[in-house]
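Here's final_32.cif, which has mmCIF, C-alpha atoms and all ligand atoms:
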```
data_run
#
loop_
_atom_site.label_atom_id
_atom_site.label_comp_id
_atom_site.auth_asym_id
_atom_site.auth_seq_id
_atom_site.Cartn_x
_atom_site.Cartn_y
_atom_site.Cartn_z
CA MET V 129 26.76 -23.66 -4.65
CA LYS V 130 24.46 -21.03 -3.07
CA LYS V 131 22.51 -19.58 -5.92
CA PHE V 132 18.89 -19.04 -4.88
CA ILE V 133 16.96 -16.34 -3.07
CA LEU V 134 14.29 -18.10 -1.00
CA VAL V 135 11.11 -16.01 -0.84
CA LEU V 136 8.80 -16.79 2.05
CA ASN V 137 5.43 -15.08 2.16
CA LEU V 138 2.96 -16.13 4.82
CA GLY V 139 -0.49 -14.60 4.46
CA SER V 140 -3.39 -15.21 6.82
CA THR V 141 -4.83 -17.95 4.56
CA THR V 142 -1.84 -19.09 2.47
CA THR V 143 1.86 -19.88 2.53
CA LYS V 144 3.58 -18.76 -0.68
CA VAL V 145 7.13 -19.94 -1.33
CA ALA V 146 9.44 -19.24 -4.26
CA LEU V 147 13.04 -19.60 -5.38
CA PHE V 148 14.60 -16.86 -7.46
CA ARG V 149 17.92 -16.82 -9.31
CA ASP V 150 18.83 -13.14 -9.22
CA LEU V 151 15.53 -11.56 -10.31
CA ASN V 152 14.23 -14.55 -12.27
CA CYS V 153 11.63 -16.77 -10.67
CA HIS V 154 12.74 -20.42 -10.78
CA ILE V 155 9.67 -21.84 -9.06
CA VAL V 156 6.74 -20.51 -7.01
CA LYS V 157 4.05 -22.40 -5.11
CA THR V 158 1.00 -21.36 -3.11
CA TYR V 159 -0.30 -23.58 -0.31
CA SER V 160 -3.81 -22.78 1.01
CA HIS V 161 -4.51 -23.71 4.63
CA ASP V 162 -7.76 -24.90 6.17
CA LYS V 163 -9.95 -22.76 8.39
CA GLU V 164 -9.02 -24.68 11.54
CA LEU V 165 -5.36 -23.72 11.11
CA ILE V 166 -5.75 -20.09 10.08
CA SER V 167 -8.04 -19.23 12.97
CA GLN V 168 -5.31 -20.21 15.46
CA ASN V 169 -2.60 -17.96 16.92
CA ILE V 170 0.70 -18.01 15.07
CA ASN V 171 2.50 -20.12 17.68
CA GLU V 172 -0.10 -22.83 17.09
CA GLN V 173 0.49 -22.58 13.31
CA LYS V 174 4.28 -22.67 13.40
CA ALA V 175 4.91 -26.41 13.01
CA VAL V 176 2.50 -26.82 10.07
CA ARG V 177 3.82 -23.76 8.25
CA TYR V 178 7.48 -24.83 8.69
CA HIS V 179 6.58 -28.32 7.48
CA THR V 180 4.98 -26.67 4.40
CA LEU V 181 8.28 -24.89 3.70
CA MET V 182 10.28 -28.11 3.94
CA MET V 183 7.73 -29.93 1.76
CA PHE V 184 8.28 -27.22 -0.86
CA PHE V 185 12.00 -28.10 -1.03
CA CYS V 186 11.18 -31.82 -1.43
CA GLU V 187 8.64 -31.05 -4.18
CA CYS V 188 10.98 -28.86 -6.22
CA GLY V 189 14.13 -30.97 -5.81
CA VAL V 190 16.32 -28.12 -4.53
CA ARG V 191 18.49 -28.47 -1.40
CA PRO V 192 18.09 -25.79 1.30
CA GLU V 193 21.89 -25.45 1.24
CA GLU V 194 21.56 -23.87 -2.22
CA VAL V 195 19.88 -20.77 -0.74
CA SER V 196 22.04 -17.64 -0.28
CA ILE V 197 19.51 -15.38 1.48
CA VAL V 198 15.91 -15.54 2.71
CA ALA V 199 13.51 -12.76 1.65
CA SER V 200 10.47 -12.72 3.88
CA ARG V 201 7.23 -10.83 4.28
CA GLY V 202 7.54 -8.76 7.42
CA GLY V 203 5.20 -8.58 10.30
CA LEU V 204 3.83 -6.43 13.07
CA LEU V 205 6.64 -4.19 14.35
CA HIS V 206 6.65 -0.57 15.43
CA PRO V 207 5.87 1.81 12.53
CA VAL V 208 8.80 2.01 10.06
CA GLU V 209 9.66 3.60 6.74
CA GLY V 210 9.70 1.40 3.66
CA GLY V 211 12.80 -0.56 2.64
CA THR V 212 14.67 -3.81 3.30
CA TYR V 213 15.60 -4.68 6.89
CA LEU V 214 17.83 -7.40 8.33
CA ILE V 215 15.94 -9.73 10.67
CA ASN V 216 18.07 -9.04 13.74
CA GLU V 217 17.55 -9.96 17.40
CA ASP V 218 15.45 -6.86 18.14
CA MET V 219 13.09 -7.65 15.29
CA LEU V 220 12.85 -11.34 16.07
CA LYS V 221 11.99 -10.58 19.68
CA ASP V 222 9.18 -8.15 18.73
CA LEU V 223 7.79 -10.62 16.19
CA THR V 224 7.99 -13.63 18.50
CA GLU V 225 6.55 -11.90 21.55
CA GLY V 226 3.75 -10.43 19.41
CA ARG V 227 4.56 -7.05 20.99
CA TYR V 228 2.57 -5.26 18.27
CA GLY V 229 0.06 -8.04 17.57
CA ASP V 230 -0.34 -11.48 16.08
CA HIS V 231 -0.49 -12.00 12.32
CA ALA V 232 0.82 -14.59 9.84
CA SER V 233 3.38 -12.07 8.58
CA ASN V 234 5.09 -12.28 12.01
CA LEU V 235 5.46 -16.00 11.46
CA SER V 236 6.90 -15.34 8.01
CA GLY V 237 9.81 -13.44 9.63
CA ILE V 238 10.16 -16.01 12.42
CA LEU V 239 10.36 -18.99 10.02
CA ALA V 240 12.76 -17.05 7.77
CA ALA V 241 15.02 -16.44 10.77
CA ASP V 242 14.83 -20.13 11.82
CA PHE V 243 15.72 -21.25 8.31
CA ALA V 244 18.56 -18.70 8.06
CA GLU V 245 19.99 -19.84 11.38
CA ASN V 246 19.84 -23.52 10.37
CA TYR V 247 21.66 -22.84 7.10
CA LYS V 248 24.01 -20.06 8.36
CA ILE V 249 22.73 -17.32 6.07
CA GLU V 250 20.87 -14.02 6.53
CA ALA V 251 17.17 -13.24 6.37
CA VAL V 252 15.60 -9.91 5.45
CA ILE V 253 12.13 -8.37 5.20
CA THR V 254 10.94 -5.70 2.76
CA ASP V 255 8.13 -3.13 3.16
CA PRO V 256 6.50 -4.82 6.17
CA VAL V 257 2.81 -4.42 7.02
CA VAL V 258 3.68 -1.54 9.40
CA VAL V 259 5.10 0.88 6.82
CA ASP V 260 3.58 4.13 8.05
CA GLU V 261 3.11 7.23 5.88
CA LEU V 262 -0.22 8.40 7.34
CA CYS V 263 -0.89 12.13 7.21
CA VAL V 264 -1.41 13.78 10.59
CA GLU V 265 -5.20 14.01 10.20
CA ALA V 266 -5.44 10.28 9.46
CA GLN V 267 -3.67 9.43 12.73
CA TYR V 268 -6.47 10.90 14.85
CA THR V 269 -9.32 9.07 16.55
CA GLY V 270 -11.84 10.80 18.77
CA LEU V 271 -10.09 9.57 21.91
CA LYS V 272 -7.03 11.48 23.09
CA ASN V 273 -5.03 8.39 23.99
CA VAL V 274 -5.95 6.21 21.03
CA LYS V 275 -4.05 6.83 17.79
CA ARG V 276 -4.53 5.22 14.37
CA THR V 277 -1.47 3.53 12.89
CA SER V 278 -0.86 2.07 9.49
CA ILE V 279 -1.21 -1.73 9.19
CA PHE V 280 -1.78 -2.84 5.63
CA HIS V 281 -0.55 -4.75 2.58
CA ALA V 282 2.24 -2.20 2.11
CA LEU V 283 4.46 -4.50 0.04
CA ASN V 284 1.84 -5.37 -2.56
CA GLN V 285 0.03 -2.03 -2.62
CA LYS V 286 3.32 -0.25 -3.39
CA ALA V 287 4.43 -2.90 -5.90
CA VAL V 288 1.21 -2.77 -7.97
CA ALA V 289 1.06 1.03 -7.77
CA ARG V 290 4.63 1.24 -9.15
CA LYS V 291 3.84 -1.33 -11.83
CA TYR V 292 0.80 0.66 -12.92
CA ALA V 293 2.86 3.90 -13.01
CA GLU V 294 5.51 2.14 -15.11
CA SER V 295 2.83 0.85 -17.52
CA ILE V 296 1.71 4.42 -18.29
CA LYS V 297 5.31 5.75 -18.28
CA ARG V 298 4.74 8.00 -15.27
CA ASP V 299 6.40 8.12 -11.85
CA TYR V 300 4.51 6.66 -8.87
CA GLU V 301 5.45 9.88 -7.05
CA GLU V 302 3.35 12.01 -9.41
CA LEU V 303 0.09 10.02 -9.20
CA ASN V 304 -2.96 9.86 -6.95
CA LEU V 305 -4.20 6.26 -6.70
CA ILE V 306 -6.63 4.23 -4.63
CA VAL V 307 -5.27 0.71 -4.20
CA ILE V 308 -7.41 -2.08 -2.79
CA HIS V 309 -5.75 -5.33 -1.69
CA MET V 310 -8.33 -8.06 -1.14
CA GLY V 311 -6.75 -11.07 0.55
CA GLY V 312 -7.43 -12.71 3.91
CA GLY V 313 -7.53 -9.08 5.10
CA ILE V 314 -8.74 -6.17 2.96
CA THR V 315 -6.99 -2.79 2.91
CA VAL V 316 -7.91 0.32 0.91
CA GLY V 317 -5.07 2.84 0.56
CA ALA V 318 -5.10 6.47 -0.58
CA HIS V 319 -1.75 6.89 -2.39
CA HIS V 320 -0.96 10.58 -2.75
CA LEU V 321 2.18 11.36 -4.77
CA GLY V 322 3.98 8.20 -3.65
CA LYS V 323 2.84 8.15 -0.01
CA VAL V 324 -0.02 6.15 1.52
CA ILE V 325 -1.55 9.04 3.45
CA ASP V 326 -4.58 7.07 4.64
CA VAL V 327 -5.44 3.38 4.83
CA ASN V 328 -7.70 1.27 7.03
CA ASN V 329 -5.98 -0.86 9.67
CA GLY V 330 -6.28 -4.25 7.95
CA LEU V 331 -6.04 -6.27 11.12
CA ASN V 332 -8.19 -4.83 13.84
CA GLY V 333 -11.66 -3.35 13.68
CA ASP V 334 -11.25 -0.89 10.83
CA GLY V 335 -12.57 -0.76 7.26
CA PRO V 336 -14.55 -3.40 5.38
CA MET V 337 -15.08 -6.92 6.69
CA SER V 338 -12.88 -9.43 4.87
CA PRO V 339 -12.63 -13.23 4.62
CA THR V 340 -11.20 -13.43 8.17
CA ARG V 341 -11.52 -9.91 9.69
CA ALA V 342 -14.52 -8.29 11.32
CA GLY V 343 -13.72 -4.79 9.96
CA SER V 344 -15.28 -1.71 11.60
CA ILE V 345 -17.64 -2.57 14.45
CA PRO V 346 -19.75 -0.03 16.38
CA ALA V 347 -18.07 0.34 19.79
CA ASP V 348 -21.34 -0.02 21.74
CA GLY V 349 -22.20 -3.29 20.00
CA LEU V 350 -18.74 -4.67 20.68
CA LEU V 351 -18.74 -3.63 24.34
CA LYS V 352 -22.13 -5.25 24.89
CA TYR V 353 -20.97 -8.41 23.13
CA ILE V 354 -17.87 -8.60 25.36
CA GLU V 355 -20.06 -8.26 28.44
CA ARG V 356 -22.61 -10.81 27.21
CA SER V 357 -20.16 -13.43 25.96
CA GLY V 358 -17.74 -13.24 28.89
CA LEU V 359 -14.86 -13.75 26.43
CA SER V 360 -11.36 -12.61 27.38
CA LEU V 361 -9.76 -9.70 25.53
CA SER V 362 -7.40 -12.10 23.77
CA ASP V 363 -10.33 -14.24 22.59
CA ILE V 364 -12.14 -11.13 21.35
CA ASN V 365 -8.98 -10.09 19.51
CA LYS V 366 -8.81 -13.51 17.87
CA LEU V 367 -12.46 -13.23 16.88
CA ILE V 368 -11.96 -9.83 15.27
CA SER V 369 -8.68 -10.51 13.49
CA LYS V 370 -8.78 -14.23 12.63
CA GLN V 371 -12.32 -15.56 12.92
CA GLY V 372 -14.38 -12.57 11.72
CA GLY V 373 -15.88 -11.49 8.41
CA LEU V 374 -16.90 -14.24 5.98
CA LEU V 375 -15.57 -16.91 8.33
CA SER V 376 -17.87 -15.67 11.11
CA HIS V 377 -20.96 -15.35 8.88
CA LEU V 378 -20.52 -18.32 6.53
CA ASN V 379 -18.01 -20.63 8.23
CA THR V 380 -15.64 -20.41 5.27
CA GLU V 381 -13.18 -17.78 4.09
CA ASP V 382 -12.98 -19.21 0.57
CA ILE V 383 -14.57 -16.93 -2.02
CA ARG V 384 -14.66 -19.74 -4.60
CA ASP V 385 -16.82 -21.91 -2.30
CA ILE V 386 -19.07 -18.98 -1.42
CA VAL V 387 -19.66 -18.04 -5.06
CA ALA V 388 -20.42 -21.70 -5.86
CA ASP V 389 -22.97 -21.75 -2.99
CA ILE V 390 -24.59 -18.57 -4.32
CA GLU V 391 -24.81 -20.07 -7.78
CA HIS V 392 -26.63 -23.01 -6.18
CA GLY V 393 -29.19 -20.61 -4.70
CA ASP V 394 -27.79 -19.89 -1.21
CA LYS V 395 -29.45 -16.55 -0.31
CA ASN V 396 -27.61 -16.06 2.97
CA SER V 397 -24.20 -16.31 1.26
CA GLU V 398 -25.43 -13.88 -1.38
CA GLU V 399 -26.49 -11.32 1.22
CA VAL V 400 -23.17 -11.57 3.13
CA LEU V 401 -21.04 -11.18 0.01
CA ASN V 402 -23.19 -8.23 -1.10
CA ALA V 403 -22.56 -6.64 2.30
CA MET V 404 -18.79 -7.10 1.97
CA ALA V 405 -18.85 -5.48 -1.49
CA PHE V 406 -20.95 -2.61 -0.10
CA GLN V 407 -18.40 -2.01 2.66
CA ILE V 408 -15.47 -2.10 0.21
CA GLY V 409 -17.25 0.42 -2.04
CA LYS V 410 -17.93 2.67 0.95
CA GLU V 411 -14.25 2.58 2.00
CA ILE V 412 -13.15 3.49 -1.53
CA GLY V 413 -15.54 6.44 -1.42
CA ALA V 414 -13.91 7.60 1.81
CA LYS V 415 -10.46 7.43 0.21
CA ALA V 416 -11.77 9.40 -2.79
CA ALA V 417 -12.68 12.19 -0.37
CA VAL V 418 -9.20 12.04 1.20
CA LEU V 419 -7.75 12.60 -2.29
CA HIS V 420 -10.19 15.51 -2.93
CA GLY V 421 -11.66 13.48 -5.78
CA GLU V 422 -8.43 13.84 -7.78
CA ILE V 423 -7.86 10.17 -8.61
CA ASP V 424 -5.75 8.98 -11.53
CA HIS V 425 -6.79 5.33 -11.17
CA ILE V 426 -8.37 2.77 -8.85
CA ILE V 427 -6.38 -0.47 -8.69
CA PHE V 428 -7.57 -3.81 -7.30
CA THR V 429 -5.24 -6.63 -6.30
CA GLY V 430 -5.02 -9.66 -3.94
CA GLY V 431 -6.47 -13.17 -4.25
CA ILE V 432 -10.12 -12.09 -4.25
CA SER V 433 -9.63 -9.84 -7.27
CA HIS V 434 -9.41 -13.08 -9.32
CA SER V 435 -13.14 -13.30 -8.74
CA SER V 436 -15.10 -11.53 -11.48
CA TYR V 437 -18.23 -12.20 -9.40
CA VAL V 438 -16.90 -10.05 -6.52
CA MET V 439 -15.47 -7.41 -8.87
CA GLU V 440 -18.87 -6.97 -10.52
CA LEU V 441 -20.49 -6.52 -7.10
CA ILE V 442 -18.10 -3.68 -6.24
CA ARG V 443 -17.99 -1.80 -9.56
CA PRO V 444 -21.40 -0.06 -9.37
CA TYR V 445 -20.40 1.67 -6.12
CA ILE V 446 -17.24 3.24 -7.54
CA SER V 447 -17.17 3.30 -11.32
CA PHE V 448 -18.17 7.01 -11.35
CA LEU V 449 -15.01 7.93 -9.42
CA ALA V 450 -12.13 6.99 -11.76
CA PRO V 451 -11.03 4.28 -14.20
CA ILE V 452 -10.56 0.84 -12.62
CA MET V 453 -7.96 -1.81 -13.26
CA VAL V 454 -7.28 -5.19 -11.70
CA TYR V 455 -3.98 -6.94 -10.94
CA PRO V 456 -5.29 -10.32 -9.71
CA GLY V 457 -3.12 -12.06 -7.11
CA GLU V 458 -0.03 -10.20 -6.01
CA LEU V 459 3.42 -9.00 -6.96
CA GLU V 460 4.77 -9.68 -3.48
CA MET V 461 7.11 -12.52 -4.43
CA GLU V 462 8.90 -10.40 -7.05
CA ALA V 463 9.03 -7.40 -4.69
CA LEU V 464 10.55 -9.49 -1.89
CA ALA V 465 13.12 -11.06 -4.22
CA TYR V 466 13.98 -7.59 -5.51
CA GLY V 467 14.53 -6.28 -1.96
CA ALA V 468 16.90 -9.14 -1.09
CA TYR V 469 18.68 -8.93 -4.43
CA THR V 470 19.40 -5.20 -4.04
CA VAL V 471 20.91 -5.62 -0.57
CA GLU V 472 23.01 -8.58 -1.77
CA GLN V 473 24.36 -6.22 -4.45
CA ASP V 474 24.79 -3.23 -2.14
CA ARG V 475 24.86 -3.84 1.62
CA ASN V 476 24.56 -0.10 2.31
CA LEU V 477 20.89 -0.35 1.34
CA LEU V 478 20.16 -2.73 4.22
CA LYS V 479 18.27 -0.97 7.04
CA THR V 480 18.53 -1.79 10.73
CA TYR V 481 15.50 -2.29 12.95
CA ARG V 482 15.82 -1.11 16.57
CA ALA V 483 13.26 -2.02 19.21
CA GLU V 484 11.47 0.87 20.90
CA GLU V 485 11.94 1.21 24.66
CA THR V 486 8.21 1.60 25.32
CA HIS V 487 4.99 1.71 23.39
CA ASP V 488 1.33 2.16 24.19
N1 LIG J 501 -8.83 -17.75 -8.13
C1 LIG J 501 -9.55 -17.23 -7.12
N2 LIG J 501 -10.84 -16.88 -7.30
C2 LIG J 501 -11.57 -16.37 -6.29
N3 LIG J 501 -11.08 -16.15 -5.05
C3 LIG J 501 -9.80 -16.46 -4.81
C4 LIG J 501 -8.97 -17.02 -5.81
N4 LIG J 501 -7.74 -17.24 -5.28
C5 LIG J 501 -7.82 -16.84 -3.98
N5 LIG J 501 -9.05 -16.38 -3.70
C6 LIG J 501 -9.54 -15.86 -2.41
O1 LIG J 501 -8.64 -14.87 -1.95
C7 LIG J 501 -8.51 -14.92 -0.51
C8 LIG J 501 -7.05 -15.11 -0.15
O2 LIG J 501 -6.29 -14.10 -0.77
P1 LIG J 501 -4.71 -14.18 -0.89
O3 LIG J 501 -4.27 -12.80 -1.29
O4 LIG J 501 -4.33 -15.30 -1.78
O5 LIG J 501 -4.34 -14.64 0.57
P2 LIG J 501 -3.43 -14.18 1.77
O6 LIG J 501 -4.11 -12.99 2.37
O7 LIG J 501 -3.43 -15.37 2.64
O8 LIG J 501 -2.09 -13.86 1.16
C9 LIG J 501 -9.38 -16.07 -0.06
O9 LIG J 501 -10.64 -15.58 0.36
C10 LIG J 501 -9.54 -16.92 -1.32
O10 LIG J 501 -10.74 -17.65 -1.31
C1 LIG J 502 -2.09 -7.10 8.51
C2 LIG J 502 -2.42 -6.43 7.20
C3 LIG J 502 -2.08 -7.31 6.03
C4 LIG J 502 -3.05 -8.43 5.88
O1 LIG J 502 -4.24 -8.33 6.17
O2 LIG J 502 -2.54 -9.56 5.31
P1 LIG J 502 -3.38 -10.89 4.95
O3 LIG J 502 -4.35 -10.54 3.89
O4 LIG J 502 -2.35 -11.86 4.49
O5 LIG J 502 -4.04 -11.34 6.22
#
```
Go ahead and render the structure in this file as structure tokens.
Amino acid sequence: MKKFILVLNLGSTTTKVALFRDLNCHIVKTYSHDKELISQNINEQKAVRYHTLMMFFCECGVRPEEVSIVASRGGLLHPVEGGTYLINEDMLKDLTEGRYGDHASNLSGILAADFAENYKIEAVITDPVVVDELCVEAQYTGLKNVKRTSIFHALNQKAVARKYAESIKRDYEELNLIVIHMGGGITVGAHHLGKVIDVNNGLNGDGPMSPTRAGSIPADGLLKYIERSGLSLSDINKLISKQGGLLSHLNTEDIRDIVADIEHGDKNSEEVLNAMAFQIGKEIGAKAAVLHGEIDHIIFTGGISHSSYVMELIRPYISFLAPIMVYPGELEMEALAYGAYTVEQDRNLLKTYRAEETHD
């Protein structure tokens, strides 16, 4: 009998898999991948990640045939509104061709579609990383033909913001929040009355450095580096979005290893982690300005927020702004299961993705 929702959540450093019965989690597992794998393009990661999924079924003693629908993290598509979307041919093509970029969340949708095809079921995504609610001012850069778009941890930022609102018996739509997701990428969102009106692009050259991302880089420095290194644009892109940040400076993206090194007296690791905390604090300050200083709460989430060492580095930069709370890890698995569950109950809620004819 088909009784499980399979939740498939590929992040840049981890593969998270879960089985839900209705809205109850039956089992959830997180698999961390090594730095050699995560610094590759998604096509090069596909076999290992699919093998991880199949290993999950062996480990938990459930047959894939028992799955009724796959709920997946969604990837780089054209900007969309929030909601749950069927993974149709248009979407699969954009994800597979990397038309809007290359990130593990693309592979999440691709593996979900492969699994769904093999077992003759449907696959959906909810609140993909391209949910775009930016205000007009936030879309501007100083170059006429270059526009900012929203690429961030939309699923988890919205889920923790709603959970916080629920905990104080208020509606998300009546609060001003700054939400910081600190995972393989780091995004800092200004949530104004239920809309993320400004957020750094978590993938490419914007905001703080992160375990695997370079973050904002001065354009002149980057242009000179491209000239000097002779690297191709695609190699530079890989460097910025997969091999940057802590991985570039310290040859590891794992905060636990870095903190252990610092505790053993490693001054270089200490300086780099201090710099990352400085940049996160600075980005939060920028979002405070966007919200005119009217901030109900600052909320931290993502894998790194488990680290009290990192949290204590950031606090001094921002504690004067608003009260701070931490939701370590993520609520993504529950949010994905919820999306799939609601469309299984009411198909009218399922949204359709259509490819754009052109894009720049
Ligand atoms: N318990 C923990 N303590 C400190 N750091 C952690 C912990 N768990 C995960 N991390 C760090 O969080 C980052 C990954 O975040 P996560 O949100 O799990 O990943 P992804 O972006 O792949 O979904 C890594 O830098 C990892 O070292
Ligand atoms: C692409 C924005 C979301 C993101 O950075 O996810 P990861 O932390 O999983 O890389």
Would you list the contacts of Gly430 of chain V as number ranges by chain, taking every protein, DNA or RNA residue within 7 Å and counting all atoms listed in the file, but skipping same-chain residues closer than 6 positions in sequence?
-> V: 309-311, 456-458
Please write out the residues within 6 Å of ligand LIG 501 (chain J) as a PDB file with C-alpha atoms, in the coordinates of the input, counting only C-alpha atoms and all ligand atoms.
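Below is the file that was written, out.pdb:
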```pdb
ATOM      1  CA  GLY V 139      -0.490 -14.600   4.460  1.00  0.00           C
ATOM      2  CA  SER V 140      -3.390 -15.210   6.820  1.00  0.00           C
ATOM      3  CA  THR V 141      -4.830 -17.950   4.560  1.00  0.00           C
ATOM      4  CA  THR V 142      -1.840 -19.090   2.470  1.00  0.00           C
ATOM      5  CA  GLY V 311      -6.750 -11.070   0.550  1.00  0.00           C
ATOM      6  CA  GLY V 312      -7.430 -12.710   3.910  1.00  0.00           C
ATOM      7  CA  GLY V 313      -7.530  -9.080   5.100  1.00  0.00           C
ATOM      8  CA  PRO V 339     -12.630 -13.230   4.620  1.00  0.00           C
ATOM      9  CA  GLU V 381     -13.180 -17.780   4.090  1.00  0.00           C
ATOM     10  CA  ASP V 382     -12.980 -19.210   0.570  1.00  0.00           C
ATOM     11  CA  ILE V 383     -14.570 -16.930  -2.020  1.00  0.00           C
ATOM     12  CA  ARG V 384     -14.660 -19.740  -4.600  1.00  0.00           C
ATOM     13  CA  GLY V 430      -5.020  -9.660  -3.940  1.00  0.00           C
ATOM     14  CA  GLY V 431      -6.470 -13.170  -4.250  1.00  0.00           C
ATOM     15  CA  ILE V 432     -10.120 -12.090  -4.250  1.00  0.00           C
ATOM     16  CA  HIS V 434      -9.410 -13.080  -9.320  1.00  0.00           C
ATOM     17  CA  SER V 435     -13.140 -13.300  -8.740  1.00  0.00           C
ATOM     18  CA  GLY V 457      -3.120 -12.060  -7.110  1.00  0.00           C
TER      19      GLY V 457
END
```
Could you pull out the residues sitting within 10 Å of ligand LIG 502 (chain J), using only C-alpha atoms and all ligand atoms, and write them as a PyMOL selection string?
-> chain V and resi 137-143+166+201-204+229-234+256-258+278-284+309-315+328-332+338-341+369-370+430-431
For Glu225 of chain V, which of V:Leu181, V:Lys323, V:Asn169, V:Thr254 is the closest residue, counting only C-alpha atoms?
->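 Checking each candidate against Glu225 of chain V, we get V:Asn169 as the closest.
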Rank V:Ile249, V:Ala483, V:Leu449, V:Ala318 by their smallest atom-to-atom distance to Arg227 of chain V, using only C-alpha atoms, and report the top residue only.
->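 Looking only at the distances to Arg227 of chain V, the closest residue turns out to be V:Ala483.
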Coordinates-based distance that separates atom CA of Ile253 of chain V from atom CA of Thr212 of chain V (Å, one decimal) | 5.6 Å
Considering all atoms listed in the file, return as number ranges by chain whatever protein or nucleic-acid residues lie within 12 Å of segment 144-160 of chain V, sequence-local ones (same chain, fewer than 6 positions apart) excluded.
-> V: 130-138, 166, 176-185, 187-192, 194-201, 232-233, 236, 239-240, 312, 381-382, 431, 457-473
Using only C-alpha atoms, the best pick from V:Ala342, V:Leu478, V:Ile325, V:Ile390 as closest to Leu262 of chain V would be V:Ile325
Name the closest residue to Thr486 of chain V among the candidates V:Tyr300, V:Asp389, V:Asp222, V:Gln267; distances are taken between atoms, counting all atoms listed in the file.
->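 Checking each of V:Tyr300, V:Asp389, V:Asp222, V:Gln267 against Thr486 of chain V, counting all atoms listed in the file, the winner is V:Asp222.
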Spatial neighbours of Val264 of chain V, 12 Å, only C-alpha atoms, chain gap at least 6 places, as a ChimeraX atom specification = /V:275-278,324-326
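The residue that comes closest to Ala289 of chain V, out of V:Thr380, V:Ser344, V:Thr429, V:Ser357 and on the basis of all atoms listed in the file, is V:Thr429.
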Have a look at atom CA of Glu422 of chain V and atom CA of Pro451 of chain V and let me know their distance in Å, one decimal.
-> 11.8 Å
Name the closest residue to Leu305 of chain V among the candidates V:Phe428, V:Phe406, V:Tyr247, V:Tyr353; distances are taken between atoms, counting all atoms listed in the file.
->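 For Leu305 of chain V, the nearest of the candidates is V:Phe428.
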Rounded to one decimal place, report the atom CA of Met337 of chain V-atom CA of Leu374 of chain V distance in Å.
-> 7.6 Å
Could you rebuild segment 138-151 of chain V with N, CA and C atoms and give it back as a PDB file, in the frame of the given file?
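Result file is result-v2.pdb:
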```pdb
ATOM      1  N   LEU V 138       4.107 -15.551   4.117  1.00  0.00           N
ATOM      2  CA  LEU V 138       2.960 -16.130   4.820  1.00  0.00           C
ATOM      3  C   LEU V 138       1.846 -15.100   4.891  1.00  0.00           C
ATOM      4  N   GLY V 139       0.697 -15.432   4.299  1.00  0.00           N
ATOM      5  CA  GLY V 139      -0.490 -14.600   4.460  1.00  0.00           C
ATOM      6  C   GLY V 139      -1.400 -15.269   5.471  1.00  0.00           C
ATOM      7  N   SER V 140      -2.531 -14.635   5.784  1.00  0.00           N
ATOM      8  CA  SER V 140      -3.390 -15.210   6.820  1.00  0.00           C
ATOM      9  C   SER V 140      -4.001 -16.526   6.356  1.00  0.00           C
ATOM     10  N   THR V 141      -4.175 -16.715   5.027  1.00  0.00           N
ATOM     11  CA  THR V 141      -4.830 -17.950   4.560  1.00  0.00           C
ATOM     12  C   THR V 141      -3.892 -18.858   3.758  1.00  0.00           C
ATOM     13  N   THR V 142      -2.733 -18.326   3.357  1.00  0.00           N
ATOM     14  CA  THR V 142      -1.840 -19.090   2.470  1.00  0.00           C
ATOM     15  C   THR V 142      -0.378 -19.010   2.925  1.00  0.00           C
ATOM     16  N   THR V 143       0.406 -19.997   2.449  1.00  0.00           N
ATOM     17  CA  THR V 143       1.860 -19.880   2.530  1.00  0.00           C
ATOM     18  C   THR V 143       2.366 -19.899   1.094  1.00  0.00           C
ATOM     19  N   LYS V 144       3.039 -18.824   0.680  1.00  0.00           N
ATOM     20  CA  LYS V 144       3.580 -18.760  -0.680  1.00  0.00           C
ATOM     21  C   LYS V 144       5.090 -18.845  -0.577  1.00  0.00           C
ATOM     22  N   VAL V 145       5.679 -19.735  -1.374  1.00  0.00           N
ATOM     23  CA  VAL V 145       7.130 -19.940  -1.330  1.00  0.00           C
ATOM     24  C   VAL V 145       7.671 -19.902  -2.747  1.00  0.00           C
ATOM     25  N   ALA V 146       8.843 -19.293  -2.920  1.00  0.00           N
ATOM     26  CA  ALA V 146       9.440 -19.240  -4.260  1.00  0.00           C
ATOM     27  C   ALA V 146      10.959 -19.288  -4.157  1.00  0.00           C
ATOM     28  N   LEU V 147      11.575 -19.693  -5.253  1.00  0.00           N
ATOM     29  CA  LEU V 147      13.040 -19.600  -5.380  1.00  0.00           C
ATOM     30  C   LEU V 147      13.324 -18.721  -6.584  1.00  0.00           C
ATOM     31  N   PHE V 148      14.187 -17.740  -6.370  1.00  0.00           N
ATOM     32  CA  PHE V 148      14.600 -16.860  -7.460  1.00  0.00           C
ATOM     33  C   PHE V 148      16.097 -17.030  -7.694  1.00  0.00           C
ATOM     34  N   ARG V 149      16.502 -16.967  -8.969  1.00  0.00           N
ATOM     35  CA  ARG V 149      17.920 -16.820  -9.310  1.00  0.00           C
ATOM     36  C   ARG V 149      18.081 -15.385  -9.742  1.00  0.00           C
ATOM     37  N   ASP V 150      18.823 -14.589  -9.018  1.00  0.00           N
ATOM     38  CA  ASP V 150      18.830 -13.140  -9.220  1.00  0.00           C
ATOM     39  C   ASP V 150      17.367 -12.665  -9.225  1.00  0.00           C
ATOM     40  N   LEU V 151      16.920 -12.053 -10.326  1.00  0.00           N
ATOM     41  CA  LEU V 151      15.530 -11.560 -10.310  1.00  0.00           C
ATOM     42  C   LEU V 151      14.585 -12.453 -11.106  1.00  0.00           C
TER      43      LEU V 151
END
```
